[in-house]
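Below is one structure, written out as structure tokens; the observations come after it.
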Amino acid sequence: MSGLRPAHCVVELAGESVWLLAHKAVYWPARRMLIIADIHFGKAAAFRALGVPVPRGTTRQNLLALDALLASHVCEEIVFLGDFLHARAAHAPATVAAMLAWRARHSNVRLTVVRGNHDLHAGDPAAALGIRMVDEPHSVGNLSFCHHPDTVAPGYVLAGHVHPVFHLRATGRGSRGGGLRLPCFLLGPLHAILPAFGAFTGGHALRPAAGERVYVTADAAIFAIPPNC
């Protein structure tokens, strides 16, 4: 039965074999590296600081999701493709304490953050987290890690920023134009856009252009969308 619900899809990008994971991340086996976009630590706290009633616990959700990835993949480094922190509210003591406790459990994993637009406003994370901060593009082998998909880079670009989702339309009698908005990976000739990893991040619906491929994630599974769907 597990073969009917694939947890990852293997694709080749610029000659590099990587896995698109159902849990909205990329795994690069040759480098033992996880690649994650737009985790947005502190976003809910930032909304609450503005008086917007939003659920608590998103930091814990994000950290548990990272735990699950590390438990199921041999990983020496995590690269975050920008917007690691959402706003200065992410420096709140409770948020930092939770992140430090998580970091202590995974002190052997290198963490690299490619600064995104939200990171520039939020400021770098606490130095005690031991995170290497870099600017885009950050290139490793044939791949270039960026926040913005249109960044000029020497390699094939992996980026975030857009929070892509795909509208999977319902068909058949009685559908009335309904359907699902599912997080997706958008793979083009020059770049791949990853779905937002963080809880409470929302999404922007995209339609693939010619030469682009879409992989949607739902219920811990990932599926390729046929062209012209």
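As shown in the structure tokens, the chain order sets the letters A, B, ...; within each chain, residues go from 1, and ligands are also counted from 1 in the order they appear.
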(request) Using DSSP on the backbone coordinates, identify all residues within range 52-227 of chain A classified as strand (DSSP E); present the result as a PyMOL selection string. (result) chain A and resi 77-80+110-114+131-134+138-140+143-145+156-159+164-169+179-187+191-193+204-205+213-218+221-225
Identify, on the basis of only C-alpha atoms, every residue whose closest approach to Thr201 in chain A does not exceed 9 Å; exclude the query and any residue fewer than 4 positions from it along the same chain; express the result as a PDB file with all heavy atoms, in the first residue's frame.
```
ATOM      1  N   ASP A  38      10.953  29.135   3.666  1.00  0.00           N
ATOM      2  CA  ASP A  38       9.890  29.923   4.303  1.00  0.00           C
ATOM      3  C   ASP A  38       9.268  29.258   5.527  1.00  0.00           C
ATOM      4  O   ASP A  38       8.076  28.968   5.576  1.00  0.00           O
ATOM      5  CB  ASP A  38       8.788  30.230   3.271  1.00  0.00           C
ATOM      6  CG  ASP A  38       9.315  31.039   2.093  1.00  0.00           C
ATOM      7  OD1 ASP A  38       9.557  32.240   2.268  1.00  0.00           O
ATOM      8  OD2 ASP A  38       9.514  30.457   1.014  1.00  0.00           O
ATOM      9  N   ILE A  39      10.089  29.053   6.537  1.00  0.00           N
ATOM     10  CA  ILE A  39       9.557  28.474   7.776  1.00  0.00           C
ATOM     11  C   ILE A  39       8.894  29.539   8.649  1.00  0.00           C
ATOM     12  O   ILE A  39       7.999  29.254   9.432  1.00  0.00           O
ATOM     13  CB  ILE A  39      10.654  27.710   8.547  1.00  0.00           C
ATOM     14  CG1 ILE A  39      10.044  26.742   9.555  1.00  0.00           C
ATOM     15  CG2 ILE A  39      11.665  28.653   9.179  1.00  0.00           C
ATOM     16  CD1 ILE A  39      11.024  25.703  10.078  1.00  0.00           C
ATOM     17  N   HIS A  40       9.305  30.794   8.529  1.00  0.00           N
ATOM     18  CA  HIS A  40       8.628  31.940   9.155  1.00  0.00           C
ATOM     19  C   HIS A  40       8.411  31.773  10.657  1.00  0.00           C
ATOM     20  O   HIS A  40       7.289  31.921  11.166  1.00  0.00           O
ATOM     21  CB  HIS A  40       7.283  32.209   8.476  1.00  0.00           C
ATOM     22  CG  HIS A  40       7.401  32.908   7.153  1.00  0.00           C
ATOM     23  ND1 HIS A  40       7.434  34.276   7.036  1.00  0.00           N
ATOM     24  CD2 HIS A  40       7.526  32.434   5.886  1.00  0.00           C
ATOM     25  CE1 HIS A  40       7.541  34.608   5.760  1.00  0.00           C
ATOM     26  NE2 HIS A  40       7.610  33.499   5.034  1.00  0.00           N
ATOM     27  N   LYS A  43       5.798  34.138  13.071  1.00  0.00           N
ATOM     28  CA  LYS A  43       4.753  34.839  12.311  1.00  0.00           C
ATOM     29  C   LYS A  43       3.482  34.997  13.140  1.00  0.00           C
ATOM     30  O   LYS A  43       2.897  36.085  13.185  1.00  0.00           O
ATOM     31  CB  LYS A  43       4.446  34.093  11.015  1.00  0.00           C
ATOM     32  CG  LYS A  43       3.397  34.807  10.164  1.00  0.00           C
ATOM     33  CD  LYS A  43       3.231  34.177   8.797  1.00  0.00           C
ATOM     34  CE  LYS A  43       2.227  34.971   7.964  1.00  0.00           C
ATOM     35  NZ  LYS A  43       2.076  34.406   6.593  1.00  0.00           N
ATOM     36  N   HIS A 163       5.535  30.865  -1.807  1.00  0.00           N
ATOM     37  CA  HIS A 163       4.570  29.996  -1.118  1.00  0.00           C
ATOM     38  C   HIS A 163       3.601  29.369  -2.121  1.00  0.00           C
ATOM     39  O   HIS A 163       2.378  29.518  -2.010  1.00  0.00           O
ATOM     40  CB  HIS A 163       3.767  30.771  -0.063  1.00  0.00           C
ATOM     41  CG  HIS A 163       4.572  31.432   0.997  1.00  0.00           C
ATOM     42  ND1 HIS A 163       3.992  31.920   2.161  1.00  0.00           N
ATOM     43  CD2 HIS A 163       5.889  31.726   1.095  1.00  0.00           C
ATOM     44  CE1 HIS A 163       4.925  32.469   2.925  1.00  0.00           C
ATOM     45  NE2 HIS A 163       6.088  32.368   2.282  1.00  0.00           N
ATOM     46  N   ALA A 196       6.061  26.674   0.983  1.00  0.00           N
ATOM     47  CA  ALA A 196       6.390  27.169   2.314  1.00  0.00           C
ATOM     48  C   ALA A 196       6.300  26.020   3.310  1.00  0.00           C
ATOM     49  O   ALA A 196       5.316  25.272   3.339  1.00  0.00           O
ATOM     50  CB  ALA A 196       5.440  28.290   2.711  1.00  0.00           C
ATOM     51  N   PHE A 197       7.331  25.888   4.135  1.00  0.00           N
ATOM     52  CA  PHE A 197       7.390  24.797   5.109  1.00  0.00           C
ATOM     53  C   PHE A 197       6.632  25.138   6.387  1.00  0.00           C
ATOM     54  O   PHE A 197       6.078  24.255   7.048  1.00  0.00           O
ATOM     55  CB  PHE A 197       8.849  24.499   5.448  1.00  0.00           C
ATOM     56  CG  PHE A 197       9.054  23.316   6.344  1.00  0.00           C
ATOM     57  CD1 PHE A 197       9.081  22.030   5.814  1.00  0.00           C
ATOM     58  CD2 PHE A 197       9.220  23.469   7.714  1.00  0.00           C
ATOM     59  CE1 PHE A 197       9.275  20.923   6.631  1.00  0.00           C
ATOM     60  CE2 PHE A 197       9.415  22.379   8.542  1.00  0.00           C
ATOM     61  CZ  PHE A 197       9.439  21.100   7.998  1.00  0.00           C
TER      62      PHE A 197
END
```
(message) Could you pull out the alpha helix (DSSP H) residues of chain A, going by DSSP on the backbone, and write them as a ChimeraX atom specification?
(response) /A:43-49,58-72,93-105,117-122
(request) For each of A:Val79, A:Ile35, A:Val74, A:Ile222, take the minimum atom-to-atom distance to Leu21 in chain A, counting only C-alpha atoms, then give the residue where this is smallest. (result)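 So, comparing all the options, the nearest one is A:Ile222.
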(request) Find the residue from A:Val11, A:Arg105, A:Leu69, A:Cys75 that sits nearest to Lys24 in chain A; use only C-alpha atoms when measuring. (result)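 Result for the nearest residue to Lys24 in chain A: A:Leu69.
Counting only C-alpha atoms, His106 in chain A has the following residues at most 12 Å away, ignoring those fewer than 2 positions along the same chain: A:Leu63, A:Leu66, A:Asp67, A:Leu69, A:Leu70, A:Ala71, A:Cys75, A:Glu76, A:Glu77, A:Ile78, A:Met99, A:Leu100, A:Ala101, A:Trp102, A:Arg103, A:Ala104, A:Asn108, A:Val109, A:Arg110, A:Leu111, A:Leu129, A:Gly130.
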(request) Considering only C-alpha atoms, state which residue in the set A:Arg132, A:Ser17, A:Ser139, A:Pro195 is at the smallest distance from Ala218 in chain A. (result)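 Comparing A:Arg132, A:Ser17, A:Ser139, A:Pro195 against Ala218 in chain A, the winner is A:Pro195.
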(request) Find the residues near Val152 in chain A: any atom within 8 Å, counting only C-alpha atoms, skip ones fewer than 2 places away on the same chain, and give them as a VMD selection string. (result) chain A and resid 137 150 154
Restricting the output to N, CA, C and O atoms, write the selected residues as a short mmCIF file (atom, residue, chain, number, x, y, z; two decimals), in the first residue's frame.
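Here's the written file result_22.cif:
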```cif
data_model
loop_
_atom_site.label_atom_id
_atom_site.label_comp_id
_atom_site.auth_asym_id
_atom_site.auth_seq_id
_atom_site.Cartn_x
_atom_site.Cartn_y
_atom_site.Cartn_z
N PRO A 137 23.05 34.67 -4.09
CA PRO A 137 22.93 33.22 -4.14
C PRO A 137 24.01 32.53 -3.33
O PRO A 137 25.14 33.01 -3.24
N ASP A 150 13.92 34.63 -8.97
CA ASP A 150 14.52 35.30 -10.13
C ASP A 150 15.94 35.80 -9.88
O ASP A 150 16.49 36.56 -10.68
N PRO A 154 24.90 31.30 -10.51
CA PRO A 154 25.70 30.46 -11.42
C PRO A 154 25.14 29.06 -11.63
O PRO A 154 25.48 28.40 -12.60
#
```
(message) Which residue is closest to Thr95 in chain A? Choose from A:Gly141, A:Gly82, A:Gly42, A:Pro227 and count only C-alpha atoms.
(response)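 Looking at the shortest contact to Thr95 in chain A, the residue is A:Gly42.
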(request) Would you mind listing what lies within 10 Å of range 180-185 of chain A as a ChimeraX atom specification, with only C-alpha atoms counted and same-chain residues fewer than 3 positions away left out? (result) /A:20-26,160,163-170,188,192-197,202-206,213-218,222-225
(request) Find the residue from A:Ala30, A:Ala159, A:Val96, A:Ala89 that sits nearest to Ala128 in chain A; use only C-alpha atoms when measuring. (result)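 That would be A:Val96, the residue with the smallest distance to Ala128 in chain A.
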(message) Which residue is closest to Arg88 in chain A? Choose from A:His148, A:His121, A:Arg115, A:Arg32 and count only C-alpha atoms.
(response)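 The shortest atom-to-atom distance to Arg88 in chain A comes from A:His121.
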(request) Give me, please, the distance in Å between CA of Val157 in chain A and CA of Leu186 in chain A, quoted to one decimal. (result)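 We find that CA of Val157 in chain A and CA of Leu186 in chain A lie 11.7 Å from each other.
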(message) One number please: CA of Gly123 in chain A to CA of Asp135 in chain A, in Å, one decimal.
(response) 13.1 Å
